[in-house]
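Read the structure below first, then the notes.
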Amino acid sequence: MIENEELSSGTTHRGCPVVHLNTSGDSPFGERAAKLNALREAAPIYWNEHNQCWVLTRAQLLREVFQNPTVFTNDSISPGDPNPPYTWIPSNVGAPEHVQYRQILNYAFGPAPVARIEPKAREYCRMAIDAVVDSGGCDFVAEVGGVFPTRVFLELIDLPWEDAPLFVTWTETIFNGFFSSPAALRATDEVKDYFVELIAERRAAPRDPEHDFTSHLLRSQVNGRPIPDEDVLNVFNQLVLAGLDTVKSALSYSLLHLAINQDDRQRIVAEPAIIPLAIEEMLRAYPLVMEGRKLGSDIEFHGVPMRKGEMVMLLLPAAMRDPELFDRPDDIILDRPRNNHLAFGGGPHRCLGSHLARMEMAVGLDEWHRRIPEYELGCPVEEIIERGGQLSLRSLPLRWEVQPRRAAEQWP
Amino acid sequence: MKMSVDADRCSGHGRCYALAPALLESDGDGFVTIRGSMVDVPQGSESAARDAAAWCPEGAINILDREDS
């Protein structure tokens with residue numbers, strides 16, 4: 001629960017207001033956004049006594065941090081934990097190794113390989129929609145949003161899509177347990193075991209690296225040396241944790257928005273060409289990630305003395321509704337012009353999966369509205385619950401009238 | 001009109017070439033091919049160039065108008 005009511009009566013820390021901000025709990029949809037907006041309007045920089053870190057709320061400050069990785073390093077990106085017990089690659093890697101890792105990973109995540117896989121993504125998306133269309137309702141999060149991006153992800157890194165249910169369960173468990181509950185730690189071990197086994201298999205029997213992502217990683221070099229197995233494992237861990245929960249959530253927020261804003265839904269149905277712009281607006285209005293950076297040196301940042309080793313938390317949901325950057329920031333304008341949002345972060349660590357995420361969101365919105373153009377929320381909006389941490393929806397009940405179909409009727 | 005892309009700021013979001021595909025394109029890593037250079041904007045593409053600059057999340061694209069210089 002967010003407790004910024006406790007804007008501690010005048011308490012300051014090195015000149016900044018002190019806040020008690022715990023973003024990890026559940027809250028009703030919309031409540032968090034309102035509170036984070038209020039924080040942004042009251043001050044650009046806070047000290048958070050909840051997890052002992054700085055909190056930045058305004059868009060321009062976030063951009064400056066993203067673009068200055070020497071001072072605001074990626075040694076940790078967990079706001080409450082300057083010394084995490086894990087290493088995510090490439091998130092926790094700095095230059096020059098980071099540049100090399102990104103080039104290696106563009107094998108699968110660059111715009112060209114993502115474009116190549118789009119037909120497959122459509123197929124998987126249609127499979128997921130086919131499974132629910134005749135039932136007249138579904139939990140979009142569990143039955144569609146979480147299903148097809150996982151299959152696409154596995155396809156992209158040349159793993160069997162039949163393993164998708166394993167990954168769905170693992171990522172759910174890890175994020176629900178905030179990486180630290182016994183169940184989350186067990187799931188983390190199971191992810192590790194899966195990839196340890198995969199790496200051993202490919203070491204023993206390498207495949208054509210032009211057609212197998214794992215074999216490509218195993219033959220790639222960083223600083224002139226092959227990547228150690230432990231770091232290959234860290235790459236896979238990050239891809240799983242960064243890539244699956246987020247697309248599911250972004251699609252779910254989009255469908256929620258369209259279910260409760262019927263004018264926007266009708267516009268998507270009537271003008272599907274608007275989908276690429278609409279996606280950008282959904283990303284801007286509903287950012288999911290509130291990550292951090294670790295101070296690599298002392299700096300006076302906008303008048304605030306910050307010290308080496310401290311963490312700053314980047315409050316994207318507040319910053320992406322910053323009126324200094326966006327007109328009418330709380331209005332969702334599907335074709336918002338000049339939408340230069342930072343939902344995928346910025347600077348050298350700009351989300352590696354952004355091209356993939358955009359493609360999947362476009363495919364998801366397009367295919368869903370071809371097949372199920374008329375739908376509504378299956379519960380009162382007050383019952384929609386947001387998960388904290390990396391934001392998500394606990395569930396999204398949708399319902400629609402089942403259209404009798406002729407046997408020969410196929411996808412339009 | 002000329003446009004330039006700051007190599008340090010450009011981080012491959014891909015907004016510019018998605019918004020102005022007739023004017024800009026991606027390299028193999030997803031960076032706009034003119035990253036780090038300044039080019040002439042062909043006549044008729046001025047508005048596309050301005051849009052590309054405005055959409056850039058990093059503020060990496062600069063437009064130089066003859067009238068401005």
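Ordering of the structure tokens sets the chain letters (A, B, ...), residue numbers begin anew at 1 in every chain, and ligands are numbered from 1 in the order given.
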Within 10 Å of Leu217 in chain A, counting only C-alpha atoms, which residues qualify if same-chain residues fewer than 4 places away don't, as a PDB file with N, CA and C atoms, in the first residue's frame?
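Saved result, selection36.pdb, follows:
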ATOM      1  N   TYR A 101      27.276  -7.072 -25.107  1.00  0.00           N
ATOM      2  CA  TYR A 101      26.131  -7.946 -24.816  1.00  0.00           C
ATOM      3  C   TYR A 101      24.910  -7.543 -25.638  1.00  0.00           C
ATOM      4  N   ILE A 104      25.207  -8.796 -29.094  1.00  0.00           N
ATOM      5  CA  ILE A 104      24.991 -10.250 -29.124  1.00  0.00           C
ATOM      6  C   ILE A 104      23.495 -10.566 -29.045  1.00  0.00           C
ATOM      7  N   LEU A 105      22.790  -9.840 -28.165  1.00  0.00           N
ATOM      8  CA  LEU A 105      21.373 -10.144 -27.941  1.00  0.00           C
ATOM      9  C   LEU A 105      20.477  -9.601 -29.055  1.00  0.00           C
ATOM     10  N   TYR A 107      20.744 -10.280 -31.924  1.00  0.00           N
ATOM     11  CA  TYR A 107      20.517 -11.467 -32.751  1.00  0.00           C
ATOM     12  C   TYR A 107      19.038 -11.873 -32.692  1.00  0.00           C
ATOM     13  N   ILE A 199      21.959 -25.406 -21.298  1.00  0.00           N
ATOM     14  CA  ILE A 199      23.340 -25.052 -21.650  1.00  0.00           C
ATOM     15  C   ILE A 199      24.186 -26.320 -21.779  1.00  0.00           C
ATOM     16  N   PRO A 209      24.448 -22.121 -34.935  1.00  0.00           N
ATOM     17  CA  PRO A 209      24.226 -20.865 -34.211  1.00  0.00           C
ATOM     18  C   PRO A 209      23.406 -19.851 -35.004  1.00  0.00           C
ATOM     19  N   ASP A 212      19.929 -21.207 -33.705  1.00  0.00           N
ATOM     20  CA  ASP A 212      19.707 -21.586 -32.311  1.00  0.00           C
ATOM     21  C   ASP A 212      20.327 -20.540 -31.388  1.00  0.00           C
ATOM     22  N   PHE A 213      19.461 -19.847 -30.660  1.00  0.00           N
ATOM     23  CA  PHE A 213      19.893 -18.733 -29.820  1.00  0.00           C
ATOM     24  C   PHE A 213      20.913 -19.174 -28.767  1.00  0.00           C
ATOM     25  N   GLN A 221      31.454 -13.910 -27.954  1.00  0.00           N
ATOM     26  CA  GLN A 221      32.558 -13.496 -27.096  1.00  0.00           C
ATOM     27  C   GLN A 221      32.305 -12.095 -26.543  1.00  0.00           C
ATOM     28  N   PRO A 226      34.997 -16.234 -24.628  1.00  0.00           N
ATOM     29  CA  PRO A 226      33.640 -16.801 -24.582  1.00  0.00           C
ATOM     30  C   PRO A 226      32.938 -16.410 -23.269  1.00  0.00           C
ATOM     31  N   ILE A 227      31.626 -16.305 -23.325  1.00  0.00           N
ATOM     32  CA  ILE A 227      30.861 -15.956 -22.118  1.00  0.00           C
ATOM     33  C   ILE A 227      30.816 -17.183 -21.205  1.00  0.00           C
ATOM     34  N   PRO A 228      31.236 -17.027 -19.938  1.00  0.00           N
ATOM     35  CA  PRO A 228      31.169 -18.180 -19.022  1.00  0.00           C
ATOM     36  C   PRO A 228      29.729 -18.657 -18.846  1.00  0.00           C
ATOM     37  N   ASP A 229      29.580 -19.954 -18.586  1.00  0.00           N
ATOM     38  CA  ASP A 229      28.233 -20.516 -18.427  1.00  0.00           C
ATOM     39  C   ASP A 229      27.404 -19.745 -17.401  1.00  0.00           C
ATOM     40  N   VAL A 232      25.995 -16.804 -19.079  1.00  0.00           N
ATOM     41  CA  VAL A 232      24.934 -17.196 -20.016  1.00  0.00           C
ATOM     42  C   VAL A 232      23.642 -17.411 -19.233  1.00  0.00           C
ATOM     43  N   VAL A 235      22.085 -14.177 -18.309  1.00  0.00           N
ATOM     44  CA  VAL A 235      21.365 -13.603 -19.454  1.00  0.00           C
ATOM     45  C   VAL A 235      19.966 -14.214 -19.530  1.00  0.00           C
TER      46      VAL A 235
END
Original post:
Would you list which chain B residues are within 10 Å of chain A using only C-alpha atoms, as number ranges by chain?
Top reply: B: 8-15, 18-19, 26-31, 50-59
Generate the output file for the selected residues, N, CA and C atoms, as a CSV table (one decimal), in the first residue's frame.
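Below is the file that was written, part_17.csv:
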chain,number,residue,atom,x,y,z
B,8,ASP,N,25.7,9.9,-28.8
B,8,ASP,CA,25.7,9.6,-27.4
B,8,ASP,C,24.2,9.4,-26.8
B,9,ARG,N,23.4,10.3,-27.3
B,9,ARG,CA,22.0,10.2,-26.8
B,9,ARG,C,21.1,9.1,-27.5
B,10,CYS,N,21.3,8.9,-28.8
B,10,CYS,CA,20.5,7.9,-29.5
B,10,CYS,C,20.8,6.6,-28.9
B,11,SER,N,19.7,5.9,-28.4
B,11,SER,CA,19.9,4.6,-27.8
B,11,SER,C,19.0,3.5,-28.5
B,12,GLY,N,18.5,3.8,-29.7
B,12,GLY,CA,17.9,2.8,-30.5
B,12,GLY,C,16.4,2.6,-30.1
B,13,HIS,N,15.7,3.6,-29.7
B,13,HIS,CA,14.3,3.4,-29.4
B,13,HIS,C,13.5,3.0,-30.7
B,14,GLY,N,14.0,3.6,-31.8
B,14,GLY,CA,13.4,3.3,-33.1
B,14,GLY,C,12.1,4.1,-33.4
B,15,ARG,N,11.9,5.1,-32.6
B,15,ARG,CA,10.7,5.9,-32.9
B,15,ARG,C,10.8,6.7,-34.2
B,18,ALA,N,10.3,4.6,-37.3
B,18,ALA,CA,9.0,4.0,-37.3
B,18,ALA,C,8.0,5.2,-37.7
B,19,LEU,N,8.3,6.4,-37.3
B,19,LEU,CA,7.4,7.5,-37.6
B,19,LEU,C,7.6,8.1,-39.0
B,26,SER,N,16.6,1.8,-40.1
B,26,SER,CA,17.3,1.2,-39.0
B,26,SER,C,18.6,0.5,-39.5
B,27,ASP,N,19.6,0.5,-38.6
B,27,ASP,CA,20.7,-0.4,-39.0
B,27,ASP,C,20.5,-1.7,-38.3
B,28,GLY,N,21.4,-2.6,-38.4
B,28,GLY,CA,21.2,-4.0,-37.9
B,28,GLY,C,21.0,-4.1,-36.4
B,29,ASP,N,21.4,-3.1,-35.6
B,29,ASP,CA,21.2,-3.1,-34.2
B,29,ASP,C,20.0,-2.3,-33.7
B,30,GLY,N,19.3,-1.7,-34.7
B,30,GLY,CA,18.1,-0.9,-34.3
B,30,GLY,C,18.4,0.5,-34.1
B,31,PHE,N,19.6,1.0,-34.4
B,31,PHE,CA,19.9,2.4,-34.4
B,31,PHE,C,19.6,3.0,-35.7
B,50,ARG,N,10.7,16.9,-38.6
B,50,ARG,CA,10.4,17.5,-37.3
B,50,ARG,C,9.6,16.6,-36.4
B,51,ASP,N,8.7,15.8,-37.0
B,51,ASP,CA,8.0,14.8,-36.2
B,51,ASP,C,9.0,13.8,-35.5
B,52,ALA,N,9.9,13.3,-36.3
B,52,ALA,CA,10.9,12.3,-35.8
B,52,ALA,C,11.7,12.9,-34.6
B,53,ALA,N,12.0,14.2,-34.8
B,53,ALA,CA,12.8,14.8,-33.7
B,53,ALA,C,11.9,14.9,-32.4
B,54,ALA,N,10.6,15.3,-32.6
B,54,ALA,CA,9.8,15.5,-31.5
B,54,ALA,C,9.4,14.2,-30.8
B,55,TRP,N,9.4,13.1,-31.5
B,55,TRP,CA,9.1,11.8,-30.9
B,55,TRP,C,10.2,11.1,-30.2
B,56,CYS,N,11.4,11.6,-30.4
B,56,CYS,CA,12.6,10.9,-29.8
B,56,CYS,C,12.6,11.1,-28.3
B,57,PRO,N,12.5,9.9,-27.6
B,57,PRO,CA,12.5,10.0,-26.1
B,57,PRO,C,13.7,10.6,-25.5
B,58,GLU,N,14.8,10.5,-26.3
B,58,GLU,CA,16.1,11.0,-25.7
B,58,GLU,C,16.4,12.4,-26.1
B,59,GLY,N,15.6,13.0,-26.9
B,59,GLY,CA,16.0,14.3,-27.4
B,59,GLY,C,17.3,14.3,-28.2
Original post:
Looking at A:Met361, A:Leu166, A:Leu39, A:Val71, which one is nearest to Ala121 in chain A, with distances taken over only C-alpha atoms?
Top reply: A:Met361
Subject >> Nearby residues (only C-alpha atoms) at most 12 Å from Asp65 in chain B, same-chain spacing under 2 positions excluded, as a count of residues only >> reply: 16
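Our summary of the geometry notes that CA of Ser78 in chain A is positioned 12.4 Å from CA of Val55 in chain A.
Counting only C-alpha atoms, Ala142 in chain A has the following residues at most 10 Å away, ignoring those fewer than 2 positions along the same chain: Cys138, Asp139, Phe140, Val144, Gly145, Gly146, Val147, Val168, Glu172, Lys248, Ser252, Leu393, Arg394, Ser395, Leu396 and Pro397 of chain A.
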Please produce an output containing C-alpha atoms for each residue in the selection, written as a JSON list (two decimals), in the first residue's frame.
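Result file selection02.json:
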[["chain", "number", "residue", "atom", "x", "y", "z"],
["A", 138, "CYS", "CA", -12.22, -14.87, -19.83],
["A", 139, "ASP", "CA", -9.61, -13.61, -17.45],
["A", 140, "PHE", "CA", -7.53, -11.79, -20.04],
["A", 144, "VAL", "CA", -4.51, -14.50, -23.19],
["A", 145, "GLY", "CA", -2.04, -11.85, -21.99],
["A", 146, "GLY", "CA", 0.13, -14.33, -20.16],
["A", 147, "VAL", "CA", -0.06, -17.08, -22.74],
["A", 168, "VAL", "CA", 4.08, -18.67, -16.99],
["A", 172, "GLU", "CA", 4.00, -15.44, -11.74],
["A", 248, "LYS", "CA", 1.34, -9.57, -20.33],
["A", 252, "SER", "CA", -3.80, -6.22, -19.87],
["A", 393, "LEU", "CA", -3.19, -6.55, -12.95],
["A", 394, "ARG", "CA", -4.14, -9.46, -10.71],
["A", 395, "SER", "CA", -6.90, -10.37, -13.12],
["A", 396, "LEU", "CA", -8.98, -8.79, -15.87],
["A", 397, "PRO", "CA", -12.41, -10.37, -16.34]]
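The residue that comes closest to Ile385 in chain A, out of A:Lys120, A:Phe179, A:Ala270, A:Leu256 and on the basis of only C-alpha atoms, is A:Leu256.
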Subject >> Distance query Asp6 in chain B at most 7 Å, only C-alpha atoms, self and fewer than 5 positions along chain excluded, as a PyMOL selection string >> reply: chain B and resi 35-36+60-61
**OP:** Please indicate the distance in Å from CA of Glu360 in chain A to CA of Ala22 in chain B, rounded to one decimal place.
**Re:**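 Those two atoms sit 23.6 Å apart.
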